[in-house]
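To start, the structure itself, in structure tokens.
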Amino acid sequence: MKKEQQLDLYHQMVLIRRVEERGAELYQAGKIGGFMHLYIGQEAVSTGLIAAREPRDRVITAYRDHGVALNCGLTPNEVMAELLGKSTGSSKGRGGSMHMASTEKNFWGGHAIVGGHLPIAAGLAVGDQYAGNDNVTICMFGDGATNIGYFHEALNLAKTWGLRVLWVCENNQYGMGTSVERASAVSDISQKAEGYGMKNSRVDGMDVMKVYDAAQEAIAFVRKNAEPYFLEISTYRFRGHSMGDPERYRKAEEVKQWHEKDPIGLFRKVLLDKKVASAKALDEIEAAVDVEVNQAVEFAESSPEPALDELFVDIYADN
């Protein structure tokens, strides 16, 4: 990967972190309503994954979607405005934290129902199959979604019909406050793909370049062989499940050990060790991101709320 591309990945990861941190502040100040799930700690997952896709490949995810939206090309202004429920947001202020989307960027959401978007991902892939192209649908979901019916139905259909879907499990070790070991019969989530004869692998989700390499290989397999692939990415959320999570279920030592694997810190060290960039250059990227996020907050706070006469706009499709 060229130097410029690596620095862009660093920029994207820092941008996600700063947007989430400011989002948390605004939520606590009462400026963001509803539920909000932060991506802090998981930045390397979507950054590496989406860097490996082609623009024609679709992306769909669950409710922890702010970082994915930024990686797909939505601007900080659009993301922040949507968080604040403003008309200039990615979903015109009517979706909020869990329903960011942009068909122009081939980002199909942002879905609040656990696992509910997996059948939708299969449907997107059916559409591409029907159109006769080899586009890939990248479907991201948490480990908790692998214990419900939607998961098994979608994987079975994808394998049976030969759908080009890259199923990506972001295993952040907990489904809300329940550890994987307490909720799943197998702690190696990728094993669940074996029941459908589906090729699968696991990768360290705290290392953005490992994620990028694994994603490139998986996407190429799906595109070439016209069949699904299951990729488990092991990661960790540094904050609670949502903003209302008291986080009483995790031991301090566990959290400390994972913080030592901070994906941004690890990638910064790699860039410095390999002399891809100097500490000054990386500091300048971070400073530029701070300016970018401050401007996004100002933009969002000064934007208008959706008008009442837009309440039913985009609800029904014209025949």
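As shown in the structure tokens, the chain order sets the letters A, B, ...; within each chain, residues go from 1, and ligands are also counted from 1 in the order they appear.
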
task: Identify, with DSSP run on backbone atoms, the residues in range 36-259 of chain A assigned to strand (DSSP E), and express the list as a PyMOL selection string.
output: chain A and resi 58-60+137-142+165-171+174-175+178-179+200-204+229-234

Those selected residues, please, written with N, CA and C atoms and delivered as an mmCIF file, in the first residue's frame.
data_model
loop_
_atom_site.group_PDB
_atom_site.id
_atom_site.type_symbol
_atom_site.label_atom_id
_atom_site.label_comp_id
_atom_site.auth_asym_id
_atom_site.auth_seq_id
_atom_site.Cartn_x
_atom_site.Cartn_y
_atom_site.Cartn_z
ATOM 1 N N ARG A 58 -21.539 -3.182 -2.171
ATOM 2 C CA ARG A 58 -22.475 -2.638 -1.184
ATOM 3 C C ARG A 58 -21.976 -2.902 0.243
ATOM 4 N N VAL A 59 -22.338 -1.999 1.144
ATOM 5 C CA VAL A 59 -22.021 -2.175 2.563
ATOM 6 C C VAL A 59 -23.302 -1.985 3.364
ATOM 7 N N ILE A 60 -23.539 -2.884 4.300
ATOM 8 C CA ILE A 60 -24.697 -2.778 5.182
ATOM 9 C C ILE A 60 -24.256 -3.236 6.567
ATOM 10 N N THR A 137 -21.705 -7.854 -1.745
ATOM 11 C CA THR A 137 -22.383 -7.215 -0.616
ATOM 12 C C THR A 137 -21.610 -7.551 0.652
ATOM 13 N N ILE A 138 -21.152 -6.523 1.354
ATOM 14 C CA ILE A 138 -20.422 -6.704 2.606
ATOM 15 C C ILE A 138 -21.396 -6.446 3.751
ATOM 16 N N CYS A 139 -21.677 -7.475 4.521
ATOM 17 C CA CYS A 139 -22.649 -7.372 5.612
ATOM 18 C C CYS A 139 -21.934 -7.516 6.955
ATOM 19 N N MET A 140 -21.961 -6.450 7.743
ATOM 20 C CA MET A 140 -21.304 -6.423 9.041
ATOM 21 C C MET A 140 -22.325 -6.590 10.167
ATOM 22 N N PHE A 141 -21.966 -7.351 11.185
ATOM 23 C CA PHE A 141 -22.867 -7.576 12.320
ATOM 24 C C PHE A 141 -22.056 -7.989 13.534
ATOM 25 N N GLY A 142 -22.665 -7.897 14.703
ATOM 26 C CA GLY A 142 -21.976 -8.260 15.931
ATOM 27 C C GLY A 142 -22.099 -9.736 16.267
ATOM 28 N N VAL A 165 -21.946 -12.602 -1.025
ATOM 29 C CA VAL A 165 -22.010 -11.873 0.233
ATOM 30 C C VAL A 165 -20.765 -12.181 1.056
ATOM 31 N N LEU A 166 -20.122 -11.132 1.539
ATOM 32 C CA LEU A 166 -19.057 -11.307 2.522
ATOM 33 C C LEU A 166 -19.685 -11.031 3.888
ATOM 34 N N TRP A 167 -19.910 -12.107 4.649
ATOM 35 C CA TRP A 167 -20.472 -11.970 5.993
ATOM 36 C C TRP A 167 -19.336 -11.626 6.954
ATOM 37 N N VAL A 168 -19.439 -10.506 7.658
ATOM 38 C CA VAL A 168 -18.375 -10.049 8.544
ATOM 39 C C VAL A 168 -18.902 -9.937 9.965
ATOM 40 N N CYS A 169 -18.419 -10.813 10.827
ATOM 41 C CA CYS A 169 -18.804 -10.762 12.237
ATOM 42 C C CYS A 169 -17.776 -9.926 12.993
ATOM 43 N N GLU A 170 -18.214 -8.780 13.522
ATOM 44 C CA GLU A 170 -17.363 -7.962 14.382
ATOM 45 C C GLU A 170 -17.510 -8.501 15.804
ATOM 46 N N ASN A 171 -16.645 -9.400 16.154
ATOM 47 C CA ASN A 171 -16.718 -10.030 17.479
ATOM 48 C C ASN A 171 -16.022 -9.127 18.496
ATOM 49 N N TYR A 174 -18.712 -9.082 23.412
ATOM 50 C CA TYR A 174 -19.925 -8.969 24.224
ATOM 51 C C TYR A 174 -21.146 -8.639 23.370
ATOM 52 N N GLY A 175 -22.262 -9.319 23.679
ATOM 53 C CA GLY A 175 -23.549 -8.933 23.142
ATOM 54 C C GLY A 175 -24.261 -8.178 24.253
ATOM 55 N N THR A 178 -23.410 -9.427 27.844
ATOM 56 C CA THR A 178 -23.193 -10.868 27.952
ATOM 57 C C THR A 178 -22.017 -11.293 27.090
ATOM 58 N N SER A 179 -21.041 -11.970 27.697
ATOM 59 C CA SER A 179 -19.860 -12.400 26.958
ATOM 60 C C SER A 179 -20.210 -13.490 25.963
ATOM 61 N N ASN A 200 -14.332 -19.822 5.508
ATOM 62 C CA ASN A 200 -14.294 -18.847 6.588
ATOM 63 C C ASN A 200 -12.885 -18.660 7.119
ATOM 64 N N SER A 201 -12.685 -17.561 7.868
ATOM 65 C CA SER A 201 -11.391 -17.292 8.497
ATOM 66 C C SER A 201 -11.576 -16.284 9.620
ATOM 67 N N ARG A 202 -10.523 -16.096 10.413
ATOM 68 C CA ARG A 202 -10.532 -15.130 11.511
ATOM 69 C C ARG A 202 -9.340 -14.195 11.357
ATOM 70 N N VAL A 203 -9.483 -12.974 11.878
ATOM 71 C CA VAL A 203 -8.383 -12.014 11.789
ATOM 72 C C VAL A 203 -8.418 -11.084 13.000
ATOM 73 N N ASP A 204 -7.264 -10.559 13.356
ATOM 74 C CA ASP A 204 -7.118 -9.622 14.459
ATOM 75 C C ASP A 204 -7.670 -8.263 14.035
ATOM 76 N N TYR A 229 -18.681 -15.870 1.816
ATOM 77 C CA TYR A 229 -17.496 -16.101 2.650
ATOM 78 C C TYR A 229 -17.793 -15.504 4.024
ATOM 79 N N PHE A 230 -17.290 -16.151 5.066
ATOM 80 C CA PHE A 230 -17.517 -15.686 6.438
ATOM 81 C C PHE A 230 -16.194 -15.257 7.056
ATOM 82 N N LEU A 231 -16.126 -13.990 7.462
ATOM 83 C CA LEU A 231 -14.914 -13.450 8.077
ATOM 84 C C LEU A 231 -15.228 -12.987 9.495
ATOM 85 N N GLU A 232 -14.580 -13.599 10.468
ATOM 86 C CA GLU A 232 -14.725 -13.167 11.853
ATOM 87 C C GLU A 232 -13.567 -12.230 12.203
ATOM 88 N N ILE A 233 -13.904 -11.039 12.687
ATOM 89 C CA ILE A 233 -12.888 -10.057 13.052
ATOM 90 C C ILE A 233 -12.963 -9.824 14.554
ATOM 91 N N SER A 234 -11.885 -10.200 15.244
ATOM 92 C CA SER A 234 -11.854 -10.088 16.700
ATOM 93 C C SER A 234 -11.459 -8.674 17.111
#

Can you tell me, as a short mmCIF file (atom, residue, chain, number, x, y, z; two decimals) with N, CA and C atoms, in the first residue's frame, what residues are no more than 10 Å from Ala300 in chain A when counting only C-alpha atoms, ignoring any on the same chain fewer than 3 positions away?
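File written: result.cif
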data_model
loop_
_atom_site.label_atom_id
_atom_site.label_comp_id
_atom_site.auth_asym_id
_atom_site.auth_seq_id
_atom_site.Cartn_x
_atom_site.Cartn_y
_atom_site.Cartn_z
N PRO A 76 -18.11 14.22 7.79
CA PRO A 76 -18.36 14.45 9.22
C PRO A 76 -19.57 15.36 9.44
N ASN A 77 -19.78 16.31 8.54
CA ASN A 77 -20.95 17.20 8.65
C ASN A 77 -22.24 16.40 8.59
N GLU A 78 -22.33 15.48 7.63
CA GLU A 78 -23.54 14.67 7.46
C GLU A 78 -23.77 13.76 8.66
N VAL A 79 -22.69 13.17 9.16
CA VAL A 79 -22.80 12.25 10.30
C VAL A 79 -23.19 13.00 11.57
N MET A 80 -22.52 14.11 11.83
CA MET A 80 -22.80 14.87 13.06
C MET A 80 -24.20 15.46 13.02
N ALA A 81 -24.61 15.96 11.85
CA ALA A 81 -25.95 16.53 11.73
C ALA A 81 -27.02 15.47 11.94
N GLU A 82 -26.76 14.25 11.46
CA GLU A 82 -27.72 13.17 11.67
C GLU A 82 -27.81 12.80 13.14
N LEU A 83 -26.67 12.79 13.82
CA LEU A 83 -26.68 12.50 15.26
C LEU A 83 -27.54 13.52 16.02
N LEU A 84 -27.49 14.77 15.58
CA LEU A 84 -28.25 15.82 16.25
C LEU A 84 -29.67 15.95 15.70
N GLY A 85 -30.03 15.06 14.75
CA GLY A 85 -31.39 15.08 14.23
C GLY A 85 -31.69 16.28 13.35
N LYS A 86 -30.72 16.75 12.60
CA LYS A 86 -30.90 17.93 11.76
C LYS A 86 -31.17 17.55 10.30
N SER A 87 -31.83 18.45 9.59
CA SER A 87 -32.25 18.17 8.21
C SER A 87 -31.08 18.00 7.25
N THR A 88 -29.89 18.46 7.64
CA THR A 88 -28.71 18.33 6.79
C THR A 88 -27.98 17.01 7.02
N GLY A 89 -28.54 16.16 7.86
CA GLY A 89 -27.92 14.87 8.15
C GLY A 89 -28.06 13.88 7.01
N ASN A 294 -14.57 19.86 14.81
CA ASN A 294 -15.13 21.09 15.40
C ASN A 294 -16.05 21.79 14.40
N GLN A 295 -15.62 21.83 13.14
CA GLN A 295 -16.43 22.45 12.10
C GLN A 295 -17.73 21.66 11.88
N ALA A 296 -17.63 20.32 11.99
CA ALA A 296 -18.82 19.48 11.82
C ALA A 296 -19.83 19.74 12.94
N VAL A 297 -19.34 19.92 14.16
CA VAL A 297 -20.23 20.20 15.28
C VAL A 297 -20.91 21.55 15.09
N SER A 303 -27.57 23.90 11.92
CA SER A 303 -28.48 23.41 10.88
C SER A 303 -29.92 23.35 11.41
N PRO A 304 -30.90 23.48 10.52
CA PRO A 304 -32.31 23.44 10.95
C PRO A 304 -32.79 22.02 11.22
N GLU A 305 -33.81 21.91 12.04
CA GLU A 305 -34.44 20.62 12.27
C GLU A 305 -35.36 20.31 11.10
#

Choose the residue, out of A:Gly244, A:Ala183, A:Gly116, A:Asp134, that has the smallest atom-to-atom separation from Asn147 in chain A; count only C-alpha atoms.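 Looking at the shortest contact to Asn147 in chain A, the residue is A:Ala183.
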
List every residue of range 258-290 of chain A that DSSP, applied to the backbone, labels as alpha helix (DSSP H), and write the result as a VMD selection string.
-> chain A and resid 258 to 259 263 to 273 279 to 290

Output N, CA and C atoms for every residue in that selection, as an mmCIF file, in the first residue's frame.
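Final output, out37.cif:
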data_model
loop_
_atom_site.group_PDB
_atom_site.id
_atom_site.type_symbol
_atom_site.label_atom_id
_atom_site.label_comp_id
_atom_site.auth_asym_id
_atom_site.auth_seq_id
_atom_site.Cartn_x
_atom_site.Cartn_y
_atom_site.Cartn_z
ATOM 1 N N TRP A 258 -6.945 -4.765 26.740
ATOM 2 C CA TRP A 258 -7.409 -4.425 25.395
ATOM 3 C C TRP A 258 -7.006 -3.004 25.012
ATOM 4 N N HIS A 259 -6.983 -2.093 25.987
ATOM 5 C CA HIS A 259 -6.569 -0.719 25.695
ATOM 6 C C HIS A 259 -5.110 -0.665 25.236
ATOM 7 N N PRO A 263 -6.166 0.273 18.425
ATOM 8 C CA PRO A 263 -5.844 0.165 16.994
ATOM 9 C C PRO A 263 -5.171 1.406 16.419
ATOM 10 N N ILE A 264 -5.512 2.582 16.943
ATOM 11 C CA ILE A 264 -4.887 3.804 16.438
ATOM 12 C C ILE A 264 -3.441 3.893 16.917
ATOM 13 N N GLY A 265 -3.220 3.590 18.186
ATOM 14 C CA GLY A 265 -1.866 3.604 18.725
ATOM 15 C C GLY A 265 -0.973 2.576 18.048
ATOM 16 N N LEU A 266 -1.528 1.387 17.796
ATOM 17 C CA LEU A 266 -0.747 0.339 17.133
ATOM 18 C C LEU A 266 -0.364 0.745 15.714
ATOM 19 N N PHE A 267 -1.310 1.339 14.981
ATOM 20 C CA PHE A 267 -1.017 1.725 13.605
ATOM 21 C C PHE A 267 -0.049 2.906 13.566
ATOM 22 N N ARG A 268 -0.184 3.807 14.511
ATOM 23 C CA ARG A 268 0.758 4.927 14.595
ATOM 24 C C ARG A 268 2.182 4.403 14.778
ATOM 25 N N LYS A 269 2.338 3.415 15.656
ATOM 26 C CA LYS A 269 3.661 2.830 15.902
ATOM 27 C C LYS A 269 4.215 2.180 14.634
ATOM 28 N N VAL A 270 3.361 1.489 13.888
ATOM 29 C CA VAL A 270 3.793 0.851 12.641
ATOM 30 C C VAL A 270 4.275 1.902 11.640
ATOM 31 N N LEU A 271 3.512 2.976 11.505
ATOM 32 C CA LEU A 271 3.868 4.032 10.565
ATOM 33 C C LEU A 271 5.184 4.698 10.952
ATOM 34 N N LEU A 272 5.415 4.850 12.244
ATOM 35 C CA LEU A 272 6.670 5.441 12.710
ATOM 36 C C LEU A 272 7.833 4.484 12.543
ATOM 37 N N ASP A 273 7.630 3.221 12.939
ATOM 38 C CA ASP A 273 8.704 2.220 12.862
ATOM 39 C C ASP A 273 9.151 1.978 11.426
ATOM 40 N N ALA A 279 6.531 11.616 13.464
ATOM 41 C CA ALA A 279 5.584 11.923 14.530
ATOM 42 C C ALA A 279 4.915 13.270 14.272
ATOM 43 N N LYS A 280 5.670 14.203 13.733
ATOM 44 C CA LYS A 280 5.124 15.522 13.431
ATOM 45 C C LYS A 280 4.019 15.426 12.383
ATOM 46 N N ALA A 281 4.253 14.617 11.339
ATOM 47 C CA ALA A 281 3.255 14.469 10.273
ATOM 48 C C ALA A 281 1.965 13.850 10.811
ATOM 49 N N LEU A 282 2.094 12.863 11.691
ATOM 50 C CA LEU A 282 0.919 12.214 12.263
ATOM 51 C C LEU A 282 0.196 13.156 13.228
ATOM 52 N N ASP A 283 0.959 13.952 13.968
ATOM 53 C CA ASP A 283 0.350 14.944 14.851
ATOM 54 C C ASP A 283 -0.435 15.970 14.039
ATOM 55 N N GLU A 284 0.081 16.324 12.870
ATOM 56 C CA GLU A 284 -0.598 17.287 12.003
ATOM 57 C C GLU A 284 -1.910 16.718 11.476
ATOM 58 N N ILE A 285 -1.919 15.407 11.174
ATOM 59 C CA ILE A 285 -3.164 14.756 10.745
ATOM 60 C C ILE A 285 -4.189 14.841 11.865
ATOM 61 N N GLU A 286 -3.760 14.544 13.088
ATOM 62 C CA GLU A 286 -4.681 14.569 14.226
ATOM 63 C C GLU A 286 -5.199 15.990 14.482
ATOM 64 N N ALA A 287 -4.330 16.976 14.343
ATOM 65 C CA ALA A 287 -4.751 18.357 14.534
ATOM 66 C C ALA A 287 -5.763 18.773 13.469
ATOM 67 N N ALA A 288 -5.532 18.326 12.234
ATOM 68 C CA ALA A 288 -6.465 18.641 11.144
ATOM 69 C C ALA A 288 -7.816 17.992 11.388
ATOM 70 N N VAL A 289 -7.802 16.785 11.942
ATOM 71 C CA VAL A 289 -9.050 16.090 12.261
ATOM 72 C C VAL A 289 -9.818 16.859 13.341
ATOM 73 N N ASP A 290 -9.118 17.365 14.331
ATOM 74 C CA ASP A 290 -9.776 18.139 15.382
ATOM 75 C C ASP A 290 -10.511 19.339 14.794
#

Compile the contact shell of range 246-255 of chain A as a PDB file with N, CA and C atoms, in the first residue's frame: residues with an atom at most 12 Å away, counting only C-alpha atoms, same-chain residues fewer than 3 positions apart removed.
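Just written: selection24.pdb:
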ATOM      1  N   GLY A  41     -12.590   1.936  19.644  1.00  0.00           N
ATOM      2  CA  GLY A  41     -11.893   0.666  19.834  1.00  0.00           C
ATOM      3  C   GLY A  41     -11.997  -0.246  18.629  1.00  0.00           C
ATOM      4  N   ASN A 172     -16.824  -8.273  19.152  1.00  0.00           N
ATOM      5  CA  ASN A 172     -16.244  -7.378  20.162  1.00  0.00           C
ATOM      6  C   ASN A 172     -16.374  -7.950  21.572  1.00  0.00           C
ATOM      7  N   GLN A 173     -16.587  -9.261  21.629  1.00  0.00           N
ATOM      8  CA  GLN A 173     -16.534 -10.060  22.860  1.00  0.00           C
ATOM      9  C   GLN A 173     -17.801 -10.026  23.712  1.00  0.00           C
ATOM     10  N   TYR A 174     -18.712  -9.082  23.412  1.00  0.00           N
ATOM     11  CA  TYR A 174     -19.925  -8.969  24.224  1.00  0.00           C
ATOM     12  C   TYR A 174     -21.146  -8.639  23.370  1.00  0.00           C
ATOM     13  N   GLY A 175     -22.262  -9.319  23.679  1.00  0.00           N
ATOM     14  CA  GLY A 175     -23.549  -8.933  23.142  1.00  0.00           C
ATOM     15  C   GLY A 175     -24.261  -8.178  24.253  1.00  0.00           C
ATOM     16  N   MET A 176     -24.306  -6.870  24.153  1.00  0.00           N
ATOM     17  CA  MET A 176     -24.715  -5.996  25.269  1.00  0.00           C
ATOM     18  C   MET A 176     -23.796  -6.290  26.458  1.00  0.00           C
ATOM     19  N   GLY A 177     -24.305  -6.871  27.524  1.00  0.00           N
ATOM     20  CA  GLY A 177     -23.456  -7.139  28.682  1.00  0.00           C
ATOM     21  C   GLY A 177     -23.119  -8.605  28.859  1.00  0.00           C
ATOM     22  N   THR A 178     -23.410  -9.427  27.844  1.00  0.00           N
ATOM     23  CA  THR A 178     -23.193 -10.868  27.952  1.00  0.00           C
ATOM     24  C   THR A 178     -22.017 -11.293  27.090  1.00  0.00           C
ATOM     25  N   SER A 179     -21.041 -11.970  27.697  1.00  0.00           N
ATOM     26  CA  SER A 179     -19.860 -12.400  26.958  1.00  0.00           C
ATOM     27  C   SER A 179     -20.210 -13.490  25.963  1.00  0.00           C
ATOM     28  N   TYR A 236     -12.716  -5.122  20.064  1.00  0.00           N
ATOM     29  CA  TYR A 236     -13.166  -4.797  21.419  1.00  0.00           C
ATOM     30  C   TYR A 236     -13.661  -3.364  21.449  1.00  0.00           C
ATOM     31  N   ARG A 237     -14.841  -3.171  22.022  1.00  0.00           N
ATOM     32  CA  ARG A 237     -15.327  -1.793  22.170  1.00  0.00           C
ATOM     33  C   ARG A 237     -14.840  -1.249  23.501  1.00  0.00           C
ATOM     34  N   PHE A 238     -14.228  -0.072  23.444  1.00  0.00           N
ATOM     35  CA  PHE A 238     -13.659   0.516  24.652  1.00  0.00           C
ATOM     36  C   PHE A 238     -14.722   1.166  25.535  1.00  0.00           C
ATOM     37  N   ARG A 239     -15.861   1.500  24.963  1.00  0.00           N
ATOM     38  CA  ARG A 239     -16.951   2.090  25.729  1.00  0.00           C
ATOM     39  C   ARG A 239     -18.048   1.038  25.930  1.00  0.00           C
ATOM     40  N   GLY A 240     -19.101   1.416  26.603  1.00  0.00           N
ATOM     41  CA  GLY A 240     -20.200   0.494  26.860  1.00  0.00           C
ATOM     42  C   GLY A 240     -20.972   0.140  25.606  1.00  0.00           C
ATOM     43  N   HIS A 241     -21.898  -0.791  25.754  1.00  0.00           N
ATOM     44  CA  HIS A 241     -22.719  -1.198  24.612  1.00  0.00           C
ATOM     45  C   HIS A 241     -23.418   0.010  24.003  1.00  0.00           C
ATOM     46  N   SER A 242     -24.010   0.829  24.844  1.00  0.00           N
ATOM     47  CA  SER A 242     -24.631   2.083  24.418  1.00  0.00           C
ATOM     48  C   SER A 242     -24.331   3.116  25.491  1.00  0.00           C
ATOM     49  N   MET A 243     -24.821   4.330  25.293  1.00  0.00           N
ATOM     50  CA  MET A 243     -24.490   5.404  26.230  1.00  0.00           C
ATOM     51  C   MET A 243     -25.057   5.164  27.629  1.00  0.00           C
ATOM     52  N   TRP A 258      -6.945  -4.765  26.740  1.00  0.00           N
ATOM     53  CA  TRP A 258      -7.409  -4.425  25.395  1.00  0.00           C
ATOM     54  C   TRP A 258      -7.006  -3.004  25.012  1.00  0.00           C
ATOM     55  N   HIS A 259      -6.983  -2.093  25.987  1.00  0.00           N
ATOM     56  CA  HIS A 259      -6.569  -0.719  25.695  1.00  0.00           C
ATOM     57  C   HIS A 259      -5.110  -0.665  25.236  1.00  0.00           C
ATOM     58  N   GLU A 260      -4.334  -1.632  25.671  1.00  0.00           N
ATOM     59  CA  GLU A 260      -2.941  -1.699  25.235  1.00  0.00           C
ATOM     60  C   GLU A 260      -2.838  -2.072  23.755  1.00  0.00           C
ATOM     61  N   LYS A 261      -3.952  -2.553  23.205  1.00  0.00           N
ATOM     62  CA  LYS A 261      -4.007  -2.904  21.771  1.00  0.00           C
ATOM     63  C   LYS A 261      -4.773  -1.847  20.980  1.00  0.00           C
ATOM     64  N   ASP A 262      -4.845  -0.641  21.496  1.00  0.00           N
ATOM     65  CA  ASP A 262      -5.575   0.428  20.817  1.00  0.00           C
ATOM     66  C   ASP A 262      -5.192   0.451  19.336  1.00  0.00           C
TER      67      ASP A 262
END

re CA of Glu25 in chain A and CA of Leu38 in chain A: distance 11.7 Å

Give me the residues of range 54-168 of chain A that have any atom at most 12 Å from an atom of range 312-317 of chain A; for each, the nearest atom pair and the distance in Å, rounded to one decimal. Use only C-alpha atoms, sort by chain and number, and format it as a tab-separated table.
residue	atom	partner	partner_atom	distance
A:Ser91	CA	A:Asp314	CA	10.0
A:Lys92	CA	A:Val313	CA	10.2
A:Arg94	CA	A:Val313	CA	10.3
A:Gly95	CA	A:Asp314	CA	11.8

* Shortest interatomic distance to Val126 in chain A - which of A:Ala226, A:Ala193, A:Ala52, A:Leu308, counting only C-alpha atoms ->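 That would be A:Ala226, the residue with the smallest distance to Val126 in chain A.
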
Subject >> Which residue of A:Val222, A:Val276, A:Ala69, A:Ala51 approaches Leu9 in chain A most closely, using only C-alpha atoms >> reply: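 Looking only at the distances to Leu9 in chain A, the closest residue turns out to be A:Ala51.
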
Q) Skipping near chain neighbours, those fewer than 5 positions away, what residues fall within 6 Å of range 42-46 of chain A using only C-alpha atoms, listed as a PyMOL selection string? A) chain A and resi 13+68+205-206+208+237+263

Counting only C-alpha atoms, which of A:Leu74, A:Ile120, A:Val136, A:Ala145 gets nearest to Phe221 in chain A?
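Among the listed residues, the smallest separation from Phe221 in chain A belongs to A:Val136.
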
So, with only C-alpha atoms as the atoms that count, which of A:Met98, A:Ala122, A:Lys199, A:Ala62 lies closest to Ile219 in chain A?
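Checking each of A:Met98, A:Ala122, A:Lys199, A:Ala62 against Ile219 in chain A, counting only C-alpha atoms, the winner is A:Lys199.
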